[in-house]
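See below for work_27.cif, which holds mmCIF, C-alpha atoms.
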```cif
data_coords
loop_
_atom_site.label_atom_id
_atom_site.label_comp_id
_atom_site.auth_asym_id
_atom_site.auth_seq_id
_atom_site.Cartn_x
_atom_site.Cartn_y
_atom_site.Cartn_z
CA MET A 106 0.00 0.00 0.00
CA ASN A 107 1.48 3.34 -0.87
CA THR A 108 2.17 5.97 1.78
CA LYS A 109 -0.52 8.34 0.59
CA THR A 110 -3.23 5.70 1.03
CA VAL A 111 -1.85 4.69 4.42
CA VAL A 112 -1.91 8.31 5.56
CA ALA A 113 -5.57 8.54 4.66
CA LYS A 114 -6.57 5.21 6.23
CA VAL A 115 -4.70 5.80 9.47
CA ALA A 116 -5.67 9.49 9.56
CA LEU A 117 -2.21 10.99 9.87
CA GLU A 118 -1.25 14.61 9.60
CA VAL A 119 1.56 15.21 7.14
CA LEU A 120 4.53 17.21 8.45
CA VAL A 121 7.01 16.43 5.68
CA ALA A 122 5.99 14.77 2.41
CA VAL A 123 8.92 13.92 0.19
CA ASP A 124 7.72 10.66 -1.26
CA LEU A 125 4.10 9.75 -0.72
CA ALA A 126 4.23 7.20 -3.51
CA ARG A 127 6.61 5.07 -1.44
CA GLU A 128 5.34 1.62 -0.61
CA VAL A 129 4.69 0.90 3.09
CA ARG A 130 5.49 -2.73 3.73
CA GLY A 131 4.86 -2.84 7.46
CA GLY A 132 5.14 -1.01 10.72
CA TYR A 133 7.63 -0.66 13.53
CA CYS A 134 6.86 0.65 17.00
CA SER A 135 9.75 1.69 19.17
CA ASP A 136 11.23 4.61 21.09
CA LEU A 137 14.63 2.96 21.50
CA LEU A 138 16.99 3.88 18.69
CA SER A 139 19.27 0.88 19.10
CA ASP A 140 16.25 -1.38 18.80
CA VAL A 141 15.09 0.35 15.62
CA LEU A 142 18.58 0.07 14.17
CA ALA A 143 18.60 -3.63 14.87
CA HIS A 144 15.10 -4.60 13.76
CA ALA A 145 13.23 -2.06 11.68
CA LYS A 146 12.93 -3.02 8.04
CA SER A 147 13.12 -1.01 4.89
CA GLY A 148 9.65 0.26 4.02
CA ASP A 149 8.36 0.10 7.58
CA LEU A 150 6.38 3.03 8.90
CA TRP A 151 8.08 3.84 12.19
CA ILE A 152 5.80 4.90 15.04
CA THR A 153 7.48 6.62 17.97
CA HIS A 154 7.35 9.10 20.89
CA GLN A 155 11.04 9.90 20.48
CA ARG A 156 11.58 13.43 19.12
CA HIS A 157 15.35 13.55 19.22
CA LEU A 158 17.19 14.69 16.09
CA ASN A 159 18.80 11.23 15.84
CA VAL A 160 15.41 9.87 14.83
CA ILE A 161 15.98 11.17 11.31
CA ALA A 162 19.44 9.62 11.00
CA VAL A 163 18.23 6.28 12.34
CA GLY A 164 15.15 6.29 10.12
CA LYS A 165 17.31 7.04 7.12
CA LEU A 166 19.74 4.26 7.95
CA ARG A 167 16.91 1.75 8.11
CA ASP A 168 15.28 3.25 5.06
CA VAL A 169 11.87 3.52 6.69
CA ALA A 170 8.91 4.69 4.64
CA GLY A 171 8.39 7.46 7.15
CA VAL A 172 8.22 8.33 10.85
CA VAL A 173 4.96 8.85 12.71
CA PHE A 174 5.10 10.85 15.93
CA ALA A 175 2.34 9.60 18.18
CA ARG A 176 0.02 11.39 20.58
CA GLY A 177 0.46 14.81 19.11
CA LEU A 178 4.14 15.01 20.03
CA CYS A 179 5.22 17.32 17.26
CA PRO A 180 9.00 17.47 16.77
CA SER A 181 10.89 20.75 16.73
CA GLN A 182 11.66 22.72 13.61
CA ASP A 183 15.23 21.47 13.35
CA VAL A 184 14.00 17.87 13.25
CA ILE A 185 11.52 18.80 10.53
CA SER A 186 14.19 20.65 8.55
CA ARG A 187 16.54 17.70 8.84
CA ALA A 188 13.79 15.42 7.54
CA VAL A 189 13.33 17.65 4.53
CA ALA A 190 17.07 17.68 3.89
CA GLU A 191 17.36 13.91 4.28
CA ARG A 192 14.17 13.29 2.29
CA MET A 193 12.27 11.50 5.01
CA ASN A 194 8.48 11.50 5.30
CA LEU A 195 7.26 12.72 8.68
CA PHE A 196 3.76 12.37 10.06
CA LEU A 197 1.91 13.31 13.21
CA SER A 198 -0.98 11.60 14.92
CA THR A 199 -2.93 12.86 17.90
CA GLU A 200 -3.72 9.23 18.70
CA PRO A 201 -1.55 7.13 21.01
CA ALA A 202 0.94 4.69 19.49
CA PHE A 203 -1.29 1.70 20.20
CA GLU A 204 -4.12 3.19 18.14
CA VAL A 205 -1.82 4.19 15.27
CA ALA A 206 -0.22 0.75 15.18
CA GLY A 207 -3.61 -0.90 15.35
CA ARG A 208 -5.01 1.11 12.46
CA LEU A 209 -1.91 0.56 10.38
CA HIS A 210 -1.95 -3.16 11.01
CA ARG A 211 -5.61 -3.34 10.05
CA ALA A 212 -5.01 -1.33 6.90
CA LEU A 213 -2.09 -3.50 5.79
CA HIS A 214 -3.65 -6.83 6.77
CA PRO A 215 -7.37 -6.55 6.08
CA MET B 157 2.16 34.68 54.44
CA SER B 158 -0.28 32.41 56.23
CA PRO B 159 0.92 30.57 59.35
CA ARG B 160 2.15 27.12 58.56
CA THR B 161 -0.23 24.33 59.34
CA PRO B 162 0.97 21.63 61.70
CA LEU B 163 3.46 19.11 60.45
CA THR B 164 2.15 15.58 60.25
CA HIS B 165 5.09 13.74 58.75
CA LYS B 166 8.56 14.48 57.47
CA ARG B 167 11.13 12.23 55.88
CA ILE B 168 14.44 12.81 54.14
CA PHE B 169 15.76 10.47 51.46
CA ARG B 170 19.21 10.48 49.91
CA VAL B 171 19.50 9.98 46.17
CA SER B 172 22.75 8.92 44.56
CA SER B 173 23.85 10.03 41.14
CA ARG B 174 23.67 7.38 38.39
CA ASP B 175 22.36 4.71 40.75
CA LEU B 176 19.87 3.07 38.43
CA GLU B 177 19.40 0.13 40.75
CA GLN B 178 17.87 2.34 43.41
CA ALA B 179 16.23 4.91 41.16
CA GLY B 180 12.51 4.92 41.82
CA THR B 181 12.75 3.45 45.32
CA VAL B 182 12.07 6.81 46.97
CA SER B 183 8.84 7.14 44.99
CA THR B 184 7.75 3.76 46.28
CA GLU B 185 8.58 4.76 49.85
CA VAL B 186 6.75 8.08 49.50
CA ARG B 187 3.68 6.27 48.19
CA ARG B 188 3.82 3.84 51.06
CA ASP B 189 4.10 6.62 53.61
CA LEU B 190 1.18 8.51 52.10
CA LEU B 191 -0.98 5.41 51.90
CA SER B 192 -0.36 4.60 55.53
CA LEU B 193 -1.23 8.20 56.42
CA GLY B 194 -4.58 7.65 54.72
CA ALA B 195 -4.04 10.02 51.81
CA ASN B 196 -6.58 9.67 49.05
CA PRO B 197 -5.50 7.55 46.05
CA ASP B 198 -5.44 10.52 43.70
CA VAL B 199 -2.99 12.37 45.94
CA VAL B 200 -0.89 9.22 46.26
CA ARG B 201 -0.73 8.80 42.51
CA ARG B 202 0.14 12.43 41.84
CA ALA B 203 2.81 12.43 44.53
CA GLY B 204 4.16 9.21 43.09
CA VAL B 205 4.50 10.73 39.62
CA VAL B 206 6.08 13.94 40.94
CA CYS B 207 8.49 12.00 43.10
CA PHE B 208 9.44 9.54 40.37
CA GLU B 209 10.26 12.25 37.86
CA GLY B 210 12.10 14.38 40.41
CA GLU B 211 14.04 11.37 41.61
CA MET B 212 15.00 10.32 38.07
CA ASN B 213 16.22 13.84 37.34
CA ILE B 214 18.53 13.76 40.35
CA VAL B 215 19.82 10.31 39.40
CA LEU B 216 20.31 11.01 35.69
CA TYR B 217 21.45 14.58 35.57
CA SER B 218 22.90 15.63 38.91
CA ASN B 219 25.79 14.88 41.20
CA GLY B 220 23.39 13.46 43.76
CA GLY B 221 21.06 15.04 46.26
CA ARG B 222 18.05 14.46 48.44
CA ILE B 223 14.30 14.40 48.49
CA ILE B 224 12.30 15.69 51.43
CA LEU B 225 8.72 14.62 51.95
CA ILE B 226 6.68 16.97 54.12
CA VAL B 227 3.08 16.24 54.95
CA ARG B 228 1.00 18.91 56.63
CA GLU B 229 -2.69 18.97 57.40
CA ASP B 230 -3.43 20.85 54.22
CA ARG B 231 -0.68 19.78 51.81
CA VAL B 232 1.91 17.30 50.67
CA GLU B 233 5.22 18.82 49.70
CA LEU B 234 8.14 17.26 47.90
CA LEU B 235 11.45 19.07 47.85
CA PHE B 236 14.20 17.90 45.55
CA SER B 237 17.65 19.35 45.96
CA ASP B 238 20.92 18.41 44.33
CA ARG B 239 24.59 19.36 44.43
CA GLY B 240 24.91 20.39 40.82
CA PRO B 241 25.69 20.93 38.02
CA GLY B 242 22.73 23.29 37.95
CA ILE B 243 20.48 24.31 35.10
CA ALA B 244 21.46 27.22 32.89
CA ASP B 245 18.07 27.80 31.31
CA ILE B 246 15.13 26.58 33.38
CA ASP B 247 12.52 27.60 30.81
CA LEU B 248 14.27 25.57 28.16
CA VAL B 249 14.53 22.37 30.15
CA SER B 250 10.93 22.73 31.28
CA GLN B 251 9.68 22.53 27.72
CA PRO B 252 7.96 19.26 26.94
CA GLY B 253 10.14 17.25 24.60
CA TYR B 254 13.40 18.98 25.48
CA SER B 255 15.90 16.56 26.97
CA THR B 256 19.58 16.54 27.71
CA ALA B 257 19.58 12.80 28.26
CA PRO B 258 22.72 11.09 27.01
CA ASP B 259 22.31 8.22 24.54
CA TRP B 260 22.75 5.52 27.18
CA ALA B 261 19.85 6.98 29.14
CA ARG B 262 17.62 7.12 26.08
CA GLU B 263 18.23 3.47 25.50
CA LEU B 264 16.86 2.74 28.96
CA GLY B 265 13.56 4.49 28.38
CA PHE B 266 14.51 7.89 29.73
CA GLY B 267 14.87 11.19 27.98
CA ALA B 268 11.34 11.77 26.76
CA GLY B 269 11.81 15.35 27.96
CA LEU B 270 8.60 15.26 29.94
CA GLY B 271 9.94 15.02 33.47
CA ILE B 272 9.42 18.61 34.54
CA SER B 273 6.18 18.87 32.61
CA ASN B 274 4.87 15.75 34.38
CA MET B 275 5.86 17.21 37.74
CA GLU B 276 4.12 20.49 37.00
CA GLN B 277 1.01 18.79 35.68
CA ASN B 278 0.59 16.87 38.90
CA SER B 279 1.33 19.70 41.33
CA ASP B 280 -0.79 22.57 42.50
CA LEU B 281 2.25 24.72 43.23
CA PHE B 282 5.59 24.24 41.52
CA LYS B 283 8.89 26.09 41.59
CA ILE B 284 12.41 25.42 40.32
CA ARG B 285 15.47 27.38 41.38
CA SER B 286 18.95 26.66 40.13
CA ARG B 287 22.44 28.02 39.92
CA VAL B 288 25.04 26.64 37.55
CA GLY B 289 27.96 25.25 39.50
CA ALA B 290 25.93 25.00 42.70
CA GLY B 291 22.76 22.97 42.26
CA THR B 292 19.02 22.88 41.80
CA VAL B 293 16.04 22.94 44.13
CA VAL B 294 12.56 21.89 43.04
CA ARG B 295 9.53 22.34 45.22
CA ALA B 296 6.25 20.67 44.33
CA THR B 297 3.13 21.06 46.44
CA ILE B 298 -0.09 19.09 46.31
CA LEU B 299 -2.84 20.88 48.19
CA LEU B 300 -5.19 18.60 50.02
CA GLY B 301 -8.89 19.20 49.71
CA VAL B 302 -8.45 21.23 46.53
CA PRO B 303 -10.19 19.76 43.48
CA PHE B 304 -7.75 18.66 40.79
CA PHE B 305 -8.88 18.50 37.16
CA MET C 154 -9.88 -9.10 28.04
CA LYS C 155 -8.35 -11.30 30.70
CA LEU C 156 -4.59 -11.37 30.99
CA CYS C 157 -4.60 -15.08 30.19
CA GLU C 158 -6.57 -14.42 27.01
CA ILE C 159 -4.12 -11.72 26.02
CA ALA C 160 -1.25 -14.11 26.67
CA ALA C 161 -2.86 -16.80 24.53
CA LEU C 162 -3.41 -14.42 21.62
CA LEU C 163 0.21 -13.36 21.61
CA ASP C 164 1.92 -16.62 22.58
CA ALA C 165 3.09 -14.73 25.62
CA ARG C 166 3.89 -16.23 28.99
CA PHE C 167 3.59 -15.04 32.58
CA VAL C 168 6.97 -14.18 34.05
CA THR C 169 5.28 -13.49 37.39
CA GLY C 170 1.76 -12.89 38.62
CA ALA C 171 0.18 -15.90 36.92
CA ASP C 172 -2.19 -16.00 39.89
CA GLN C 173 -3.70 -12.84 38.38
CA ALA C 174 -4.37 -14.52 35.05
CA GLU C 175 -8.10 -13.79 35.35
CA ARG C 176 -7.51 -10.07 35.84
CA GLU C 177 -9.25 -7.92 33.24
CA ALA C 178 -7.49 -5.30 31.15
CA THR C 179 -9.66 -3.33 28.78
CA ARG C 180 -7.25 -0.59 27.90
CA THR C 181 -3.62 -0.43 27.00
CA PHE C 182 -0.70 1.92 26.45
CA ALA C 183 2.37 1.11 24.36
CA ALA C 184 5.65 2.98 24.86
CA ASP C 185 9.31 2.51 25.68
CA LEU C 186 9.75 5.99 27.15
CA LEU C 187 8.63 6.02 30.76
CA SER C 188 7.66 9.66 31.03
CA ASP C 189 5.12 9.13 28.30
CA VAL C 190 3.44 6.54 30.48
CA LEU C 191 3.43 8.94 33.43
CA ALA C 192 2.03 11.71 31.26
CA MET C 193 -0.61 9.72 29.47
CA VAL C 194 -2.21 7.13 31.63
CA ARG C 195 -5.11 8.41 33.68
CA GLU C 196 -7.03 5.35 34.68
CA GLU C 197 -6.20 2.21 36.53
CA ARG C 198 -5.65 -1.35 35.42
CA VAL C 199 -4.20 -0.35 32.07
CA LEU C 200 -1.96 -2.91 30.36
CA LEU C 201 1.48 -1.49 29.64
CA ILE C 202 3.17 -2.76 26.49
CA THR C 203 6.86 -1.97 26.48
CA GLY C 204 10.31 -3.06 25.38
CA THR C 205 12.04 -1.29 28.27
CA VAL C 206 12.97 -3.84 30.92
CA THR C 207 14.51 -1.66 33.62
CA PRO C 208 13.31 -1.86 37.23
CA GLN C 209 11.87 1.63 36.76
CA VAL C 210 9.25 0.22 34.42
CA VAL C 211 7.76 -1.80 37.25
CA ARG C 212 7.89 1.19 39.58
CA VAL C 213 6.09 3.29 37.00
CA ALA C 214 3.47 0.56 36.66
CA GLU C 215 3.09 0.64 40.43
CA VAL C 216 2.83 4.44 40.62
CA MET C 217 0.18 4.44 37.89
CA ASN C 218 -1.68 1.44 39.35
CA MET C 219 -1.40 -0.40 36.06
CA GLY C 220 -2.93 -3.81 35.55
CA ALA C 221 0.12 -5.59 34.16
CA VAL C 222 3.26 -5.09 32.12
CA LEU C 223 3.79 -6.92 28.85
CA PHE C 224 7.38 -6.99 27.64
CA VAL C 225 7.74 -7.37 23.89
CA ARG C 226 10.60 -8.12 21.51
CA GLY C 227 11.57 -11.13 23.61
CA LYS C 228 13.01 -8.81 26.24
CA LEU C 229 13.10 -9.97 29.85
CA PRO C 230 13.77 -8.07 33.08
CA THR C 231 16.38 -9.18 35.57
CA ALA C 232 15.58 -11.54 38.43
CA THR C 233 15.70 -8.62 40.89
CA THR C 234 13.10 -6.73 38.89
CA VAL C 235 10.90 -9.81 38.63
CA GLU C 236 11.18 -10.31 42.36
CA TYR C 237 10.19 -6.72 42.99
CA ALA C 238 7.19 -7.04 40.70
CA THR C 239 6.10 -10.19 42.48
CA GLY C 240 6.27 -8.42 45.82
CA ALA C 241 4.47 -5.37 44.48
CA GLY C 242 1.74 -7.48 42.89
CA VAL C 243 2.38 -6.35 39.31
CA PRO C 244 1.93 -9.21 36.83
CA LEU C 245 4.63 -9.38 34.17
CA LEU C 246 4.16 -11.05 30.81
CA ALA C 247 6.65 -11.60 28.01
CA ALA C 248 6.11 -12.00 24.28
CA ALA C 249 8.61 -12.66 21.51
CA ARG C 250 6.64 -10.55 19.04
CA ASP C 251 7.57 -6.97 18.34
CA MET C 252 5.52 -4.04 19.58
CA TYR C 253 3.86 -3.23 16.27
CA GLU C 254 2.58 -6.76 15.75
CA THR C 255 1.52 -7.01 19.38
CA CYS C 256 -0.45 -3.78 19.11
CA GLY C 257 -1.98 -4.88 15.83
CA ILE C 258 -3.16 -8.21 17.23
CA LEU C 259 -4.59 -6.70 20.41
CA TYR C 260 -6.22 -3.85 18.51
CA ARG C 261 -7.98 -6.28 16.19
CA ALA C 262 -9.05 -8.30 19.25
CA GLY C 263 -10.83 -5.25 20.62
CA LEU C 264 -8.47 -3.87 23.24
CA LEU C 265 -8.83 -0.12 23.52
CA PRO C 266 -6.19 2.58 23.95
CA ALA C 267 -5.94 4.05 27.45
CA LYS C 268 -8.03 7.17 27.83
CA ARG C 269 -6.34 10.29 28.93
CA LYS C 270 -7.03 13.96 29.45
CA GLY C 271 -5.80 16.23 26.70
CA LEU C 272 -2.67 17.78 28.07
CA PRO C 273 -1.78 21.34 27.18
CA MET C 274 1.37 20.17 25.45
CA ASP C 275 -0.33 17.76 23.10
CA HIS C 276 -0.31 18.88 19.52
CA VAL C 277 1.69 21.96 20.32
CA PRO C 278 5.17 21.99 18.85
CA PRO C 279 7.92 22.69 21.36
CA ASP C 280 9.13 26.28 21.22
CA PRO C 281 12.37 26.73 19.35
CA PRO C 282 15.41 26.80 21.66
CA HIS C 283 16.43 30.24 22.85
CA PRO C 284 19.28 31.73 20.82
#
```
Using the file provided, produce a representation of the structure as structure tokens.
Amino acid sequence: MNTKTVVAKVALEVLVAVDLAREVRGGYCSDLLSDVLAHAKSGDLWITHQRHLNVIAVGKLRDVAGVVFARGLCPSQDVISRAVAERMNLFLSTEPAFEVAGRLHRALHP
Amino acid sequence: MSPRTPLTHKRIFRVSSRDLEQAGTVSTEVRRDLLSLGANPDVVRRAGVVCFEGEMNIVLYSNGGRIILIVREDRVELLFSDRGPGIADIDLVSQPGYSTAPDWARELGFGAGLGISNMEQNSDLFKIRSRVGAGTVVRATILLGVPFF
Amino acid sequence: MKLCEIAALLDARFVTGADQAEREATRTFAADLLSDVLAMVREERVLLITGTVTPQVVRVAEVMNMGAVLFVRGKLPTATTVEYATGAGVPLLAAARDMYETCGILYRAGLLPAKRKGLPMDHVPPDPPHP
């Protein structure tokens, strides 16, 4: 399912859209960067509460389809700017991570 | 300034820097004390949150310090004081999402940058004072009998 | 859902607190960062889903009167932490699945997200750092 469709189905707010045609192959929920580095897969939509600048670098390294910040935790402008520079999709949800993950899972595995 | 209401209970706890084994134990003790004093569950929970966050801040970011629990007829007070390094910009560190947590701390589930915000949200009165090179004092007060929304 | 039903759905096991297997958990919160749990959870008996296995996780669960803690990603706390949880009466479960899959399965099974008050900081971007 492409990112644009996922965004609509999961009801995400778009913060940075560099490639909404990108295929989302799955999801990954984690706030621990070492864990994401070890286990997230290319094409995963990464759901997190972590707003540290390193999120962009880690997401890029794992080639995620995008990062979703849960429960309305909007990242700062320098994180957003870095995402633009690194060409990483960023999204925001006012819903908690559990809800976002649940909706995503349901959308990808109907 | 109104006369101070009688003191019901006072306890001082020491908190060591970087002691992750013990971090959180003071919060448990504070909860236990309050429960045995018959405090209502909402007060116990709020005090637990305030104490946990304050305690973690001393452990993670300071050179060590102490927590004082003071219970009066009309309030529960938690005082956190440490020996440094002090906070240069209190407004900045109080912002939700701002964290100075080192990477090792983030990997242990800390560093969300919500510690001070959580303390403030659960207190009726809240004050931080700090001096770089000296230390920091945080005072959080939960007023008893005041509705909390 | 009962804790034992949740365990069955996820192929999870009880690390401690199996005597509470019949305990009900209707709502859940998933996070690795502890302050998010302290900020978000407003009601009792919420199931905490987390990959953080420090002793502080159990203390947070205690402070927030949570129903149980479910460790994901095959992570397990130390014996000391397990012992503490046993004494504090906090059931601990462990699943090999990752957090996303765990959330997906429980969501489809009807578990609800923990309710919380809207906090002033939600949906407000942090102010830019002072120059």
How big is the axis-aligned box around all listed atoms of range 156-165 of chain C once 8 Å goes on each side, and where's its centre, in Å to one decimal, as JSON?
```
{"center_x": -1.7, "center_y": -14.1, "center_z": 26.3, "size_x": 25.7, "size_y": 21.4, "size_z": 25.4}
```
Picked residues, the PyMOL selection byres ((chain B) within 8 of (chain C)), as number ranges by chain: B: 177, 179-181, 183-184, 187, 201, 204-205, 208-209, 248, 251-254, 264-271, 274
List the neighbours of Val227 in chain B out to 7 Å using all atoms listed in the file; skip same-chain residues closer than 6 positions along the sequence, and give me the result as a list in words. Leu163, Thr164, His165, Lys166 and Glu233 of chain B
Evaluate the PyMOL selection byres ((chain A) within 6 of (chain C)) against this structure - the residues, as a count of residues only, please. 11
Kindly provide, as a PDB file with C-alpha atoms, in the frame of the given file, the residues of chain A having any atom no farther than 8 Å from an atom of chain B, counting all atoms listed in the file.
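Result written to selection-v1.pdb:
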```pdb
ATOM      1  CA  ASP A 136      11.230   4.610  21.090  1.00  0.00           C
ATOM      2  CA  LEU A 137      14.630   2.960  21.500  1.00  0.00           C
ATOM      3  CA  LEU A 138      16.990   3.880  18.690  1.00  0.00           C
ATOM      4  CA  SER A 139      19.270   0.880  19.100  1.00  0.00           C
ATOM      5  CA  HIS A 154       7.350   9.100  20.890  1.00  0.00           C
ATOM      6  CA  GLN A 155      11.040   9.900  20.480  1.00  0.00           C
ATOM      7  CA  ARG A 156      11.580  13.430  19.120  1.00  0.00           C
ATOM      8  CA  LEU A 178       4.140  15.010  20.030  1.00  0.00           C
ATOM      9  CA  PRO A 180       9.000  17.470  16.770  1.00  0.00           C
TER      10      PRO A 180
END
```
Please provide the set of residues having any atom within 7 Å of Glu177 in chain C, restricted to only C-alpha atoms, with same-chain residues fewer than 2 positions apart removed, written as a PyMOL selection string. chain C and resi 154-156+175+179
To verify the selection step, state as a list in words which residues the PyMOL selection byres ((chain B and resi 239) around 12) yields on this input.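 Applied to this file, the PyMOL selection byres ((chain B and resi 239) around 12) selects Arg170, Val171, Ser172, Ser173, Ile214, Val215, Tyr217, Ser218, Asn219, Gly220, Gly221, Arg222, Phe236, Ser237, Asp238, Gly240, Pro241, Gly242, Ile243, Ser286, Arg287, Val288, Gly289, Ala290, Gly291, Thr292 and Val293 of chain B.
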Residues within 8 Å of Gly131 in chain A, only C-alpha atoms, excluding chain neighbours under 2 positions, as a PyMOL selection string: chain A and resi 129+133+148-150+210+213
Need the shell around Arg187 in chain A: protein/DNA/RNA residues with any atom at most 12 Å away, counting all atoms listed in the file. Skip same-chain ones fewer than 3 positions apart. Format as a PyMOL selection string? chain A and resi 121+157-162+164-165+180-184+190-195
Of the candidates B:Ser273, B:Asn213, B:Ile226, B:Ala261, which one gets nearest to Asp247 in chain B if we count all atoms listed in the file? B:Ser273
Point-to-point distance in Å for CA of Arg160 in chain B and CA of Phe282 in chain B: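 Computing it gives 17.6 Å between the two atoms.
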Of the listed residues C:Ala174, C:Ala165, C:Val243, C:Val199, that which approaches Gly227 in chain C most closely, counting all atoms listed in the file: C:Ala165
Figure out the distance between CA of Leu142 in chain A and CA of Leu117 in chain A, please, to one decimal in Å.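 Going from CA of Leu117 in chain A over to CA of Leu142 in chain A covers 23.9 Å.
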Please, what distance in Å, to one decimal, runs between CA of Leu125 in chain A and CA of Asn107 in chain A?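 About the pair CA of Leu125 in chain A and CA of Asn107 in chain A: they are 6.9 Å apart.
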